[in-house]
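Novice: Can you read through this structure? Questions will come right after.
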Amino acid sequence: MKYLLDTNVIIALTMNNNAGVVARAGECEDGDLVTSSIAVAEVAYGAARSDPPAVDQLRAFVEEVPVLDFDFKAAIAYAAIPFKRASYDRLIAAHALSNDLTVVTANVADFTDVPGLRVEDWTS
């Protein structure tokens, strides 16, 4: 595992709507990509309200990309980072830190104040 895919990257991959993200993901070795159960929940919430991607597309995605459960180690990492109310990004950042992963996102600014977190933007 090397990269933890953020919500917007999951959407880009399932919708095949960002050539940069699709190309960069295609360069990765098997096992390099994972996502967080938090990011999947965020996408599923949108899908349940008719936002893309559809639930079937999300299901197909998680059959290809492993989903890491948010566990005790991630919870302890969450407790150590600067708090920001109502932010899934903090949970995703903690999940990445606890597994020594790089977050891949289109919203780098949402993660810049998390100490020690590695972040990449594959959309450009």
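Naming works like this for the structure tokens: A, B, ... for the chains as they're shown, residue 1 at the start of each chain, ligands 1 onward in shown order.
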Near segment 83-89 of chain A, within 8 Å and counting only C-alpha atoms, which residues show up once chain neighbours fewer than 5 positions away are dropped, as an MDAnalysis selection string?

Specialist: chainID A and resid 38:39 42 110:111

Novice: Write the residues you've just listed into a file as a tab-separated table (two decimals), in the first residue's frame, and include C-alpha atoms for each of them.

Specialist:
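Everything below was put into selection_18.tsv:
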```tsv
chain	number	residue	atom	x	y	z
A	38	ILE	CA	-14.61	7.08	5.58
A	39	ALA	CA	-14.15	8.10	1.93
A	42	GLU	CA	-18.84	9.89	1.92
A	110	ASP	CA	-7.89	20.65	2.91
A	111	PHE	CA	-4.91	18.66	4.18
```

Novice: Name the residues in contact with Pro82 of chain A at a cut-off of 10 Å, using only C-alpha atoms, excluding same-chain residues fewer than 6 positions from it; report them as a list in words.

Specialist: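 Contacts, in chain order: Arg90, Asp113, Val114 and Pro115 of chain A.
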
Novice: Save out the residues we just selected, N, CA and C atoms, as a PDB file, in the first residue's frame.

Specialist:
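Here's the written file out-v9.pdb:
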```pdb
ATOM      1  N   ARG A  90     -10.272  15.241   8.047  1.00  0.00           N
ATOM      2  CA  ARG A  90      -9.446  14.953   9.217  1.00  0.00           C
ATOM      3  C   ARG A  90      -9.402  13.454   9.494  1.00  0.00           C
ATOM      4  N   ASP A 113      -2.588  21.539   6.625  1.00  0.00           N
ATOM      5  CA  ASP A 113      -2.250  21.835   8.018  1.00  0.00           C
ATOM      6  C   ASP A 113      -2.165  20.591   8.906  1.00  0.00           C
ATOM      7  N   VAL A 114      -2.112  19.415   8.286  1.00  0.00           N
ATOM      8  CA  VAL A 114      -1.981  18.175   9.051  1.00  0.00           C
ATOM      9  C   VAL A 114      -0.497  17.803   9.097  1.00  0.00           C
ATOM     10  N   PRO A 115       0.109  17.903  10.267  1.00  0.00           N
ATOM     11  CA  PRO A 115       1.547  17.629  10.382  1.00  0.00           C
ATOM     12  C   PRO A 115       1.909  16.206   9.966  1.00  0.00           C
TER      13      PRO A 115
END
```

Novice: For Ala23 of chain A, find every residue with an atom within 12 Å (counting only C-alpha atoms), except residues of its own chain fewer than 3 positions away, and show them as a list in words.

Specialist: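 What passes the distance filter is Ala12, Leu13, Asn16, Asn17, Asn18, Ala19, Gly20, Gly26, Glu27, Cys28, Trp122, Thr123 and Ser124 of chain A.
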
Novice: Skip Ala60 of chain A itself and residues of its chain fewer than 5 positions away, then list as a ChimeraX atom specification all residues within 10 Å of it, counting only C-alpha atoms.

Specialist: /A:14,55,65
